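Note: the block below is target-v3.cif and it holds mmCIF, C-alpha atoms.
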```
data_final
loop_
_atom_site.label_atom_id
_atom_site.label_comp_id
_atom_site.auth_asym_id
_atom_site.auth_seq_id
_atom_site.Cartn_x
_atom_site.Cartn_y
_atom_site.Cartn_z
CA MET A 294 0.00 0.00 0.00
CA THR A 295 1.62 3.22 -1.17
CA ILE A 296 0.70 6.79 -0.25
CA ALA A 297 -1.22 7.03 -3.52
CA ASP A 298 -3.22 3.96 -2.45
CA VAL A 299 -3.84 5.50 0.98
CA VAL A 300 -5.27 8.63 -0.65
CA LYS A 301 -7.77 6.48 -2.61
CA ILE A 302 -8.65 4.18 0.29
CA LEU A 303 -9.39 7.09 2.63
CA ASP A 304 -11.25 9.24 0.05
CA GLY A 305 -8.46 11.70 0.76
CA LYS A 306 -6.60 14.43 -0.97
CA LEU A 307 -2.84 14.93 -1.10
CA MET A 308 -2.29 18.41 0.32
CA ALA A 309 1.53 18.62 0.33
CA GLY A 310 4.59 16.55 -0.45
CA ASP A 311 5.17 13.92 -3.08
CA GLY A 312 2.55 11.18 -3.22
CA THR A 313 4.21 9.12 -5.92
CA SER A 314 6.68 7.15 -3.81
CA PRO A 315 6.62 3.41 -4.66
CA ARG A 316 7.55 2.58 -1.04
CA ALA A 317 4.94 0.57 0.81
CA VAL A 318 3.49 1.64 4.14
CA GLY A 319 4.82 -0.74 6.81
CA ALA A 320 2.42 0.05 9.65
CA VAL A 321 -0.22 2.58 10.64
CA VAL A 322 0.12 4.54 13.87
CA ALA A 323 -3.17 6.22 14.83
CA ASN A 324 -2.33 8.63 17.61
CA ASP A 325 -2.70 12.26 18.62
CA LEU A 326 0.05 12.17 21.23
CA MET A 327 3.36 12.89 19.59
CA SER A 328 5.49 11.46 22.40
CA ASP A 329 3.73 8.13 21.84
CA VAL A 330 4.51 8.34 18.14
CA LEU A 331 8.17 9.02 18.94
CA LEU A 332 8.22 5.85 21.07
CA ASN A 333 7.25 3.76 18.08
CA ASP A 334 10.22 2.19 16.34
CA SER A 335 8.50 0.61 13.34
CA ASP A 336 9.82 1.60 9.95
CA ASP A 337 7.80 3.18 7.19
CA ILE A 338 4.84 4.10 9.37
CA LEU A 339 1.85 6.11 8.26
CA LEU A 340 0.77 8.57 10.95
CA LEU A 341 -3.00 8.93 11.23
CA THR A 342 -3.87 11.81 13.52
CA SER A 343 -6.33 14.55 14.33
CA LEU A 344 -3.46 16.84 15.29
CA ALA A 345 -3.55 19.40 12.50
CA SER A 346 -0.35 21.18 13.49
CA ASP A 347 3.27 21.58 12.42
CA GLN A 348 4.24 19.21 15.21
CA ALA A 349 2.51 16.26 13.55
CA ILE A 350 4.70 16.81 10.46
CA ARG A 351 7.88 17.39 12.47
CA THR A 352 7.23 14.22 14.48
CA ALA A 353 6.62 12.24 11.27
CA HIS A 354 9.93 13.52 9.88
CA ILE A 355 11.81 12.55 13.05
CA VAL A 356 10.57 8.96 12.93
CA GLY A 357 10.96 8.73 9.15
CA ALA A 358 7.24 8.23 8.56
CA MET A 359 5.94 7.61 5.05
CA GLY A 360 3.35 10.31 5.46
CA VAL A 361 0.70 11.94 7.63
CA VAL A 362 -3.05 11.61 7.29
CA VAL A 363 -5.17 14.17 9.12
CA HIS A 364 -8.67 12.73 9.54
CA ASN A 365 -12.09 14.35 9.93
CA ALA A 366 -11.11 16.84 7.21
CA LYS A 367 -9.59 19.09 9.83
CA PRO A 368 -8.46 22.40 8.34
CA LEU A 369 -4.73 22.47 7.63
CA SER A 370 -2.83 25.68 8.15
CA GLU A 371 -0.54 27.25 5.56
CA THR A 372 2.45 26.69 7.82
CA MET A 373 1.62 23.01 8.23
CA LEU A 374 1.51 22.63 4.43
CA LYS A 375 4.81 24.50 4.14
CA VAL A 376 6.54 22.41 6.82
CA ALA A 377 5.30 19.24 5.08
CA ALA A 378 6.60 20.44 1.72
CA ASP A 379 9.94 21.59 3.20
CA LEU A 380 10.54 18.34 5.07
CA GLY A 381 9.26 16.18 2.20
CA VAL A 382 6.51 14.55 4.25
CA PRO A 383 3.40 13.68 2.19
CA LEU A 384 0.36 15.19 3.91
CA VAL A 385 -3.10 13.77 3.21
CA SER A 386 -6.46 15.11 4.35
CA SER A 387 -9.26 12.59 4.78
CA PRO A 388 -12.93 13.27 5.57
CA LEU A 389 -13.21 9.94 7.46
CA SER A 390 -13.19 9.59 11.23
CA LYS A 391 -10.19 7.99 12.87
CA TYR A 392 -12.18 4.80 13.45
CA ASP A 393 -13.43 4.53 9.86
CA ALA A 394 -9.98 5.33 8.49
CA CYS A 395 -8.45 2.58 10.67
CA VAL A 396 -11.07 0.06 9.55
CA ARG A 397 -10.49 0.83 5.86
CA LEU A 398 -6.71 0.65 6.20
CA HIS A 399 -6.98 -2.59 8.16
CA ASP A 400 -9.20 -4.10 5.45
CA ALA A 401 -6.74 -2.94 2.80
CA PHE A 402 -3.83 -4.60 4.64
CA LEU A 403 -5.81 -7.84 4.95
CA ALA A 404 -6.69 -7.74 1.27
CA GLU A 405 -3.00 -7.25 0.44
CA GLU A 406 -2.04 -10.23 2.61
CA ARG A 407 -4.61 -12.43 0.89
CA GLY A 408 -3.14 -11.32 -2.42
CA MET B 24 -1.48 31.27 10.84
CA ALA B 25 -1.13 34.29 13.06
CA GLU B 26 -4.26 34.84 15.08
CA GLU B 27 -5.78 38.17 15.89
CA TYR B 28 -5.23 39.19 19.47
CA THR B 29 -7.53 41.20 21.62
CA PRO B 30 -6.02 44.19 23.33
CA THR B 31 -6.47 44.45 27.03
CA ILE B 32 -8.90 47.24 27.72
CA LEU B 33 -8.81 48.69 31.17
CA GLN B 34 -12.53 48.44 31.69
CA GLY B 35 -12.83 45.03 30.08
CA GLN B 36 -12.62 41.65 31.66
CA GLN B 37 -9.44 40.82 33.51
CA THR B 38 -7.13 38.52 31.61
CA ASN B 39 -4.34 36.37 32.83
CA ASP B 40 -0.83 36.25 31.38
CA ASP B 41 -0.93 32.52 30.71
CA GLU B 42 -4.22 32.84 28.87
CA ILE B 43 -2.87 35.64 26.77
CA LEU B 44 0.20 33.60 25.88
CA ALA B 45 -1.85 30.53 25.16
CA ASN B 46 -4.31 32.36 22.95
CA THR B 47 -1.83 34.58 21.21
CA PRO B 48 1.03 32.74 19.59
CA LEU B 49 3.99 34.88 18.68
CA ASP B 50 3.38 36.35 15.26
CA THR B 51 6.82 35.94 13.84
CA LYS B 52 5.86 37.65 10.60
CA ALA B 53 4.79 40.80 12.43
CA LEU B 54 8.18 40.87 14.11
CA GLY B 55 10.07 39.96 10.98
CA GLY B 56 9.56 36.29 10.17
CA ASP B 57 13.22 35.70 9.50
CA SER B 58 14.46 37.50 12.59
CA SER B 59 17.41 36.02 14.39
CA VAL B 60 16.41 33.46 16.98
CA ILE B 61 18.30 35.53 19.52
CA ILE B 62 16.03 38.50 18.87
CA MET B 63 12.94 36.30 18.91
CA GLU B 64 14.06 34.79 22.16
CA LEU B 65 14.71 38.22 23.69
CA LEU B 66 11.26 39.39 22.67
CA GLN B 67 9.73 36.46 24.49
CA ARG B 68 12.06 36.36 27.48
CA PHE B 69 11.79 40.02 28.39
CA LYS B 70 8.60 41.08 30.06
CA VAL B 71 7.04 44.49 30.09
CA ARG B 72 7.94 44.79 33.79
CA ASP B 73 11.63 44.48 32.86
CA VAL B 74 11.62 47.55 30.64
CA MET B 75 8.89 49.84 32.01
CA LYS B 76 9.46 53.01 34.01
CA ARG B 77 8.39 52.45 37.59
CA GLN B 78 8.48 56.06 38.74
CA ILE B 79 5.09 57.35 37.74
CA ILE B 80 4.02 60.98 37.92
CA SER B 81 0.25 60.93 38.28
CA VAL B 82 -2.68 63.13 39.27
CA ALA B 83 -5.87 62.48 41.22
CA ARG B 84 -9.31 62.65 39.62
CA ASN B 85 -10.10 66.01 41.20
CA THR B 86 -6.79 67.61 40.17
CA SER B 87 -7.38 70.55 37.84
CA LEU B 88 -6.30 70.40 34.23
CA ARG B 89 -4.20 73.51 34.90
CA GLU B 90 -2.25 71.63 37.57
CA ALA B 91 -1.87 68.72 35.14
CA GLN B 92 -0.52 71.16 32.54
CA ARG B 93 2.03 72.45 35.04
CA LEU B 94 3.20 68.93 35.91
CA MET B 95 3.55 68.02 32.23
CA ARG B 96 5.56 71.15 31.48
CA GLU B 97 7.87 70.80 34.48
CA ASN B 98 8.51 67.11 33.88
CA ARG B 99 8.53 67.34 30.09
CA ILE B 100 5.96 64.61 29.62
CA SER B 101 3.04 64.44 27.22
CA GLY B 102 0.58 62.40 29.27
CA LEU B 103 -0.40 61.91 32.90
CA PRO B 104 -2.16 58.91 34.39
CA VAL B 105 -5.11 59.75 36.60
CA CYS B 106 -4.63 57.37 39.46
CA GLU B 107 -5.69 56.92 43.08
CA ASP B 108 -4.42 54.20 45.45
CA GLY B 109 -2.88 52.40 42.51
CA ARG B 110 -6.13 52.26 40.55
CA LEU B 111 -5.93 53.80 37.10
CA TYR B 112 -8.96 55.87 36.13
CA GLY B 113 -7.76 57.51 32.94
CA ILE B 114 -5.10 59.51 31.16
CA VAL B 115 -4.82 63.23 30.50
CA SER B 116 -2.83 64.02 27.37
CA VAL B 117 -1.37 67.20 25.90
CA ASN B 118 -4.30 67.21 23.48
CA ASP B 119 -6.72 67.31 26.41
CA ILE B 120 -4.83 70.33 27.78
CA ILE B 121 -4.88 72.10 24.39
CA ASN B 122 -8.63 71.46 24.10
CA ALA B 123 -9.13 72.75 27.65
CA LEU B 124 -7.24 75.96 26.87
CA ASP B 125 -9.14 76.42 23.59
CA ASN B 126 -12.52 75.81 25.16
CA GLY B 127 -11.99 77.54 28.48
CA TRP B 128 -12.27 74.54 30.79
CA ILE B 129 -8.66 74.47 31.99
CA GLU B 130 -9.84 74.87 35.61
CA ASP B 131 -12.07 71.75 35.36
CA THR B 132 -10.99 68.51 37.00
CA CYS B 133 -8.97 65.93 35.12
CA GLU B 134 -11.76 63.40 35.63
CA SER B 135 -14.18 65.45 33.57
CA HIS B 136 -12.04 65.47 30.40
CA MET B 137 -9.62 62.55 30.68
CA ALA B 138 -9.61 59.57 28.34
CA SER B 139 -11.04 56.69 30.34
CA ASN B 140 -11.34 53.83 27.88
CA LEU B 141 -7.70 52.84 27.88
CA VAL B 142 -5.57 50.23 26.25
CA VAL B 143 -3.13 48.94 28.82
CA LEU B 144 -0.33 46.41 28.99
CA GLU B 145 0.16 43.87 31.72
CA ALA B 146 3.47 43.63 33.54
CA GLY B 147 3.93 39.94 32.79
CA MET B 148 3.45 40.23 29.03
CA PRO B 149 6.46 39.53 26.81
CA ILE B 150 7.73 42.72 25.17
CA SER B 151 6.75 41.26 21.80
CA PHE B 152 3.20 42.19 22.87
CA ALA B 153 4.28 45.74 23.66
CA LEU B 154 5.83 46.06 20.20
CA ARG B 155 2.61 44.86 18.61
CA TYR B 156 0.60 47.36 20.64
CA PHE B 157 2.87 50.20 19.50
CA ASN B 158 2.45 48.93 15.97
CA ASN B 159 -1.34 48.68 16.16
CA TYR B 160 -2.10 51.87 18.10
CA THR B 161 -0.86 55.39 17.69
CA TYR B 162 -0.11 55.86 21.40
CA GLY B 163 3.47 56.66 22.33
CA ARG B 164 3.24 54.94 25.72
CA PHE B 165 1.02 52.52 27.59
CA PRO B 166 0.15 52.28 31.27
CA VAL B 167 1.21 48.96 32.79
CA LEU B 168 -0.94 47.09 35.32
CA ASP B 169 0.02 44.21 37.59
CA ALA B 170 -2.04 41.08 38.21
CA ASP B 171 -4.16 43.00 40.75
CA ARG B 172 -4.96 45.66 38.11
CA LYS B 173 -2.87 48.24 39.93
CA LEU B 174 -0.86 50.76 37.96
CA VAL B 175 2.80 49.80 38.33
CA GLY B 176 4.52 51.55 35.43
CA ILE B 177 4.51 53.27 32.08
CA VAL B 178 6.25 51.90 29.02
CA SER B 179 7.23 53.83 25.90
CA GLN B 180 8.73 52.66 22.61
CA ARG B 181 11.99 54.20 23.70
CA ASP B 182 12.02 52.08 26.88
CA VAL B 183 11.56 48.91 24.84
CA MET B 184 14.19 49.83 22.26
CA ARG B 185 16.74 50.84 24.88
CA ALA B 186 16.33 47.52 26.73
CA LEU B 187 16.49 45.53 23.50
CA LEU B 188 19.62 47.30 22.30
CA TYR B 189 21.33 46.75 25.63
CA GLU B 190 20.46 43.05 25.71
CA LEU B 191 21.46 42.61 22.08
CA SER B 192 24.86 44.09 22.83
CA VAL B 193 25.21 41.58 25.70
CA GLU B 194 24.24 38.70 23.41
CA ILE B 195 26.65 39.87 20.71
CA ARG B 196 29.48 40.05 23.27
CA LYS B 197 28.66 36.47 24.30
CA LEU B 198 28.72 35.34 20.67
CA GLU B 199 32.02 37.12 20.07
CA ARG B 200 33.51 35.48 23.14
CA LYS B 201 32.27 32.09 21.96
CA THR B 202 33.69 32.69 18.50
CA SER B 203 37.08 33.52 19.91
CA ASN B 204 37.10 30.73 22.51
CA ASN B 205 35.05 27.67 21.69
CA VAL B 206 34.13 27.46 18.07
CA PRO B 207 37.57 27.34 16.46
CA GLU B 208 38.42 24.33 18.61
CA HIS B 209 35.60 22.39 17.01
CA ALA B 210 35.11 24.19 13.75
CA THR B 211 38.71 23.82 12.72
CA SER B 212 38.92 20.27 13.93
CA GLU B 213 38.03 17.54 11.51
CA ARG B 214 37.15 15.37 14.47
CA TYR B 215 34.31 17.49 15.76
CA PHE B 216 31.16 19.04 14.42
CA ARG B 217 29.26 21.39 16.71
CA ARG B 218 26.04 23.25 16.17
CA GLU B 219 23.74 25.16 18.48
CA TRP B 220 20.10 26.21 18.24
CA ALA B 221 18.25 28.71 20.42
CA VAL B 222 14.88 27.48 21.63
CA VAL B 223 12.26 30.09 22.44
CA HIS B 224 9.81 29.75 25.31
CA ASN B 225 6.24 28.98 24.18
CA ASP B 226 7.03 29.33 20.49
CA LEU B 227 5.61 25.99 19.37
CA SER B 228 5.52 27.19 15.77
CA ARG B 229 9.33 26.80 15.70
CA ALA B 230 9.71 23.97 18.18
CA GLY B 231 11.04 20.87 16.46
CA HIS B 232 12.99 22.94 13.96
CA ALA B 233 16.31 22.07 15.62
CA ALA B 234 15.50 18.36 15.82
CA ASN B 235 14.53 18.32 12.14
CA ASP B 236 17.83 20.06 11.31
CA ILE B 237 19.71 17.54 13.44
CA LYS B 238 18.12 14.63 11.61
CA GLY B 239 19.05 16.24 8.27
CA ILE B 240 22.66 16.78 9.35
CA LEU B 241 23.01 13.20 10.58
CA ARG B 242 21.52 11.92 7.34
CA GLU B 243 23.99 14.01 5.32
CA ARG B 244 26.85 12.65 7.39
CA LYS B 245 25.58 9.13 6.71
CA VAL B 246 25.11 8.29 10.37
CA ASP B 247 23.44 4.92 10.86
CA ARG B 248 19.70 5.30 10.34
CA SER B 249 18.61 3.85 13.68
CA VAL B 250 21.14 5.98 15.59
CA ALA B 251 20.05 9.10 13.70
CA ARG B 252 16.46 8.37 14.58
CA ARG B 253 17.25 7.93 18.29
CA VAL B 254 19.30 11.15 18.35
CA ALA B 255 16.49 13.03 16.62
CA VAL B 256 13.85 11.66 19.01
CA ALA B 257 15.86 12.77 22.05
CA ALA B 258 16.60 16.16 20.49
CA TYR B 259 12.93 16.68 19.67
CA GLU B 260 11.70 15.76 23.14
CA LEU B 261 14.29 18.00 24.79
CA GLU B 262 13.55 20.87 22.41
CA ILE B 263 9.84 20.63 23.20
CA ASN B 264 10.66 20.50 26.93
CA ILE B 265 12.68 23.72 26.70
CA CYS B 266 9.91 25.34 24.70
CA ILE B 267 7.04 24.47 27.03
CA HIS B 268 8.61 24.24 30.49
CA SER B 269 11.47 26.75 30.62
CA HIS B 270 12.09 30.40 29.92
CA GLY B 271 14.11 29.51 26.84
CA GLY B 272 17.44 27.85 26.21
CA VAL B 273 19.71 26.16 23.75
CA LEU B 274 20.07 22.77 22.14
CA VAL B 275 23.62 21.79 21.19
CA MET B 276 24.76 18.89 19.04
CA LEU B 277 28.37 17.75 19.12
CA ILE B 278 29.49 14.97 16.80
CA SER B 279 32.86 13.32 17.36
CA ASP B 280 34.41 10.24 15.75
CA ASP B 281 32.50 7.82 17.90
CA THR B 282 29.65 9.69 19.61
CA VAL B 283 26.86 12.18 19.09
CA THR B 284 25.99 14.30 22.12
CA ILE B 285 22.83 16.34 22.47
CA THR B 286 22.85 18.89 25.29
CA ALA B 287 19.74 20.83 26.22
CA LYS B 288 20.26 23.67 28.64
CA ASP B 289 17.57 26.08 29.71
CA ARG B 290 16.95 28.96 32.02
CA GLY B 291 13.87 28.28 33.99
CA PRO B 292 12.14 26.90 37.02
CA GLY B 293 14.36 23.83 37.33
CA ILE B 294 13.14 20.41 38.43
CA SER B 295 12.60 19.72 42.12
CA ASP B 296 12.32 15.94 41.83
CA ILE B 297 14.36 14.64 38.91
CA GLU B 298 13.52 10.98 39.55
CA TRP B 299 9.80 11.79 39.41
CA ALA B 300 10.21 13.93 36.31
CA CYS B 301 11.98 11.10 34.48
CA ARG B 302 9.15 8.64 35.08
CA ASP B 303 6.69 7.88 32.28
CA GLY B 304 3.49 9.87 32.49
CA THR B 305 4.57 12.54 34.96
CA SER B 306 4.07 16.06 33.71
CA THR B 307 3.37 19.61 34.79
CA ALA B 308 2.10 20.58 31.32
CA ASN B 309 -1.13 22.48 30.90
CA ASP B 310 -4.09 21.76 28.59
CA TRP B 311 -2.77 24.08 25.89
CA ILE B 312 0.45 22.07 25.61
CA ARG B 313 -1.54 18.83 25.59
CA SER B 314 -3.71 20.16 22.77
CA MET B 315 -0.49 20.47 20.74
CA GLY B 316 0.21 16.74 21.14
CA PHE B 317 2.73 17.03 23.96
CA GLY B 318 2.77 17.20 27.73
CA ALA B 319 2.02 13.55 28.41
CA GLY B 320 5.06 13.28 30.62
CA MET B 321 7.07 11.16 28.19
CA GLY B 322 9.73 13.69 27.21
CA LEU B 323 12.52 12.95 29.67
CA SER B 324 11.77 9.24 29.86
CA ASN B 325 11.72 8.97 26.06
CA SER B 326 15.03 10.85 25.83
CA LYS B 327 16.57 8.58 28.44
CA ARG B 328 15.20 5.44 26.79
CA VAL B 329 16.74 6.18 23.40
CA SER B 330 20.13 7.35 24.74
CA ASP B 331 23.21 5.27 25.41
CA ALA B 332 24.09 7.59 28.29
CA PHE B 333 21.84 10.11 29.98
CA ASP B 334 22.60 12.82 32.49
CA ILE B 335 20.40 15.47 34.02
CA GLN B 336 21.28 18.34 36.31
CA SER B 337 18.97 21.01 37.63
CA GLU B 338 18.87 23.84 40.10
CA ILE B 339 15.55 25.20 41.28
CA GLY B 340 14.83 28.64 39.87
CA LYS B 341 17.92 28.57 37.68
CA PHE B 342 18.39 25.91 35.03
CA THR B 343 18.03 22.38 33.81
CA LYS B 344 20.70 20.70 31.72
CA VAL B 345 20.15 17.36 30.03
CA THR B 346 22.89 15.51 28.17
CA CYS B 347 22.15 12.52 25.94
CA THR B 348 25.05 10.61 24.41
CA PHE B 349 24.82 8.15 21.54
CA LYS B 350 27.49 5.79 20.36
CA LEU B 351 28.00 5.71 16.63
CA ASN B 352 28.03 2.42 14.73
CA LYS B 353 26.42 0.65 17.61
CA PRO B 354 23.14 -1.28 17.55
CA ALA B 355 20.19 0.30 19.33
CA PRO B 356 19.73 -0.57 23.01
CA SER B 357 17.90 -3.85 23.55
CA ASP B 358 14.70 -2.15 24.67
CA GLN B 359 14.37 -0.34 21.34
#
```

As a first step, turn the structure in this file into structure tokens.
Amino acid sequence: MTIADVVKILDGKLMAGDGTSPRAVGAVVANDLMSDVLLNDSDDILLLTSLASDQAIRTAHIVGAMGVVVHNAKPLSETMLKVAADLGVPLVSSPLSKYDACVRLHDAFLAEERG
Amino acid sequence: MAEEYTPTILQGQQTNDDEILANTPLDTKALGGDSSVIIMELLQRFKVRDVMKRQIISVARNTSLREAQRLMRENRISGLPVCEDGRLYGIVSVNDIINALDNGWIEDTCESHMASNLVVLEAGMPISFALRYFNNYTYGRFPVLDADRKLVGIVSQRDVMRALLYELSVEIRKLERKTSNNVPEHATSERYFRREWAVVHNDLSRAGHAANDIKGILRERKVDRSVARRVAVAAYELEINICIHSHGGVLVMLISDDTVTITAKDRGPGISDIEWACRDGTSTANDWIRSMGFGAGMGLSNSKRVSDAFDIQSEIGKFTKVTCTFKLNKPAPSDQ
């Protein structure tokens, strides 16, 4: 599942960064607490959060995340878009709730596993 | 991004410094978005109380405008607060005196012609607020009230500029001293790389900037990916800690042949119980900080967890200094 796939699965829109990477998302971390995200040591994570702030992008960059999805179509500030573009972190906005986004991503992972 | 702020009006509802800070992030554009971090830090660190004039010449409500005119002339000032027992009722300006002379009411009391709907500053506000007030209003000076709404000073643009210039000269001297003492040792040595970032109190719009830079530098220097990630995590947590808990400070990275060291030193309240502060889930953060995704009490424990060596020193009311050391070309600790 690439970032481009994530955009489709979550009815989302790529707001900043490059969404054409062929790299696959390794795991999804759904969290609004950035210290928790920093604790996670999985590679290639996708951060799903309601935290529509620069800090979500900076945290994603620190842990080398594949991208950030802000759910519930929360408004994204100009600075957040700029930080995402500057740090090269794909930023996706999705209208889904955190729960629905998790369910869809989980289903997509299962479908991938089944081939 | 910058939000509108509401000026404090004397007759309006009382506000509290923390609320003002929480609701009014520093508008870096208004102050010059690319300003030096030292200047930005000074603007946040210095409070109105640090630069205001404390000796106030004032009049009572029943003082005549003629007496006010005499006081202004003798003291060469263009405005007088009308104040009794510390309570500010209004201000009489030179314009009020001119109007009184023109209209023949110079013997009236100050109360009858003073301006009473005033914009005031609070003593605990950072001087960045004062600069914005001078920018947004045409007044040359503002009365300053303390937390009990008592008049404690007057601040003019000149007061702010004089204090800023003085402090800038101090900072420049420090930088010059550092340039002549420390930097050449590292900068000219192929064995060391040193870089320092200033971290500004409560400026969450910039917090994380240093940690992102650090990760970029480590990536450029081809430091092992897992080590770079651990260094960046510690740097980020410590940077956020300085930003939200201290009065400002610095984050320093020193890379040698075999280690990376991150040192975070702040001026601030210090930590009374270091063991408690290093436990997971212990925090003194407020709701505003939590709403930004931090303040869960994981900062120090996270920094310690990812480090190969961890040291913390603190003195109440003075400083906290945290040093995290990472060995290069070494696997992550087993608990990673």

Would you give me, as CSV, each residue of chain B having an atom within 9 Å of an atom of chain A, along with its shortest atom pair and that distance in Å to one decimal, using only C-alpha atoms and sorting by chain and residue number?
```
residue,atom,partner,partner_atom,distance
B:Met24,CA,A:Ser370,CA,6.3
B:Leu227,CA,A:Gln348,CA,8.1
B:Ser228,CA,A:Asp347,CA,6.9
B:Arg229,CA,A:Asp347,CA,8.6
B:Ala230,CA,A:Gln348,CA,7.8
B:Gly231,CA,A:Arg351,CA,6.2
B:His232,CA,A:Arg351,CA,7.7
B:Ala234,CA,A:Ile355,CA,7.4
B:Asn235,CA,A:Ile355,CA,6.4
B:Lys238,CA,A:Ile355,CA,6.8
B:Ser249,CA,A:Asp334,CA,9.0
B:Ala251,CA,A:Ile355,CA,9.0
B:Arg252,CA,A:Val356,CA,6.1
B:Arg253,CA,A:Val356,CA,8.6
B:Ala255,CA,A:Ile355,CA,5.9
B:Val256,CA,A:Leu331,CA,6.3
B:Tyr259,CA,A:Ile355,CA,7.9
B:Glu260,CA,A:Ser328,CA,7.6
B:Arg313,CA,A:Leu326,CA,8.1
B:Ser314,CA,A:Leu344,CA,8.2
B:Met315,CA,A:Leu344,CA,7.2
B:Gly316,CA,A:Leu326,CA,4.6
B:Phe317,CA,A:Met327,CA,6.1
B:Gly318,CA,A:Ser328,CA,8.3
B:Ala319,CA,A:Ser328,CA,7.2
B:Gly320,CA,A:Ser328,CA,8.4
B:Met321,CA,A:Ser328,CA,6.0
B:Gly322,CA,A:Ser328,CA,6.8
B:Asn325,CA,A:Leu332,CA,6.8
B:Val329,CA,A:Leu332,CA,8.8
B:Gln359,CA,A:Asp334,CA,7.0
```

Q: Give as JSON, numbers by chain the residues that the PyMOL selection byres ((chain B and resi 84-87) around 6) matches when applied to the coordinates above.
A: {"B": [83, 88, 89, 90, 105, 130, 131, 132, 133, 134]}

Q. Quick one, how far is CA of Ala401 (chain A) from CA of Arg248 (chain B)?
A.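 So the two atoms, CA of Ala401 (chain A) and CA of Arg248 (chain B), lie 28.7 Å apart.
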
Q: Can you work out the spacing between CA of Val82 (chain B) and CA of Val142 (chain B) in Å, to one decimal?
A: 18.6 Å

**Q.** Length of the CA of Arg185 (chain B) to CA of Val74 (chain B) vector [Å]
**A.**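 So the two atoms, CA of Arg185 (chain B) and CA of Val74 (chain B), lie 8.4 Å apart.
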
Q: Give me the residues within 7 Å of region 113-123 of chain B as a list in words, counting only C-alpha atoms and dropping any in the same chain fewer than 4 places off.
A: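 Residues meeting the cut-off are Leu88, Gln92, Ser101, Gly102, Leu103, Pro104, Val105, Gly127, Trp128, Ile129, Cys133, His136, Met137, Ala138, Ser139 and Leu141 of chain B.
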
Q: Report as a PyMOL selection string the residues that result from applying the PyMOL selection byres ((chain B and resi 275) around 12) to the structure here.
A: chain B and resi 216-222+233-234+236-237+254+257-259+261-262+272-274+276-278+283-289+344-348

Q: With a distance cut-off of 6 Å and all atoms listed in the file, select the neighbouring residues of region 312-318 of chain A, excluding the residue or stretch itself and same-chain residues fewer than 2 positions from it, and output the selection as JSON, numbers by chain.
A: {"A": [294, 295, 296, 297, 320, 337, 338]}

Got time to write the residues from that selection, C-alpha atoms, as a compact mmCIF listing (two decimals), keeping the file's coordinate frame?
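Printed below is selection12.txt as written:
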```txt
# COMPACT_ATOMS: atom_id res chain seq x y z
CA MET A 294 0.00 0.00 0.00
CA THR A 295 1.62 3.22 -1.17
CA ILE A 296 0.70 6.79 -0.25
CA ALA A 297 -1.22 7.03 -3.52
CA ALA A 320 2.42 0.05 9.65
CA ASP A 337 7.80 3.18 7.19
CA ILE A 338 4.84 4.10 9.37
```

Q. Smallest atom-to-atom distance to Ala323 (chain A): which of A:Glu406, A:Asp400, A:Asp379, A:Asp393, using only C-alpha atoms?
A. A:Asp393

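Comparing A:Val300, A:Lys306, A:Asp311, A:Val321 by their smallest distance to Ala378 (chain A), the closest is A:Asp311 (using all atoms listed in the file).
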
Extract, using only C-alpha atoms, all DNA, RNA and protein residues at most 8 Å from Phe165 (chain B), discarding same-chain residues fewer than 2 positions from it, and format them as a JSON list (two decimals) with C-alpha atoms, keeping the file's coordinate frame.
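The result, stored in result-v8.json:
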```json
[["chain", "number", "residue", "atom", "x", "y", "z"],
["B", 142, "VAL", "CA", -5.57, 50.23, 26.25],
["B", 143, "VAL", "CA", -3.13, 48.94, 28.82],
["B", 144, "LEU", "CA", -0.33, 46.41, 28.99],
["B", 162, "TYR", "CA", -0.11, 55.86, 21.40],
["B", 163, "GLY", "CA", 3.47, 56.66, 22.33],
["B", 167, "VAL", "CA", 1.21, 48.96, 32.79],
["B", 177, "ILE", "CA", 4.51, 53.27, 32.08],
["B", 178, "VAL", "CA", 6.25, 51.90, 29.02],
["B", 179, "SER", "CA", 7.23, 53.83, 25.90]]
```

Q: Decode the PyMOL selection byres ((chain B and resi 66) around 12) for the given file into explicit residues and return them as a PyMOL selection string.
A: chain B and resi 49-51+54-55+58-65+67-71+73-74+148-155+183-184+186-188+190-191+223-226+270-271

Q) With all atoms listed in the file as the basis for distance, which of B:Ile312, B:Ile195, B:Cys106, B:Ile339 is at the shortest distance from Arg290 (chain B)? A) B:Ile339

Q: Pick out the residues sitting within 9 Å of Asp108 (chain B), and hand them over as JSON, numbers by chain; count all atoms listed in the file, and ignore anything fewer than 3 positions along from it in its own chain.
A: {"B": [111, 173, 174]}
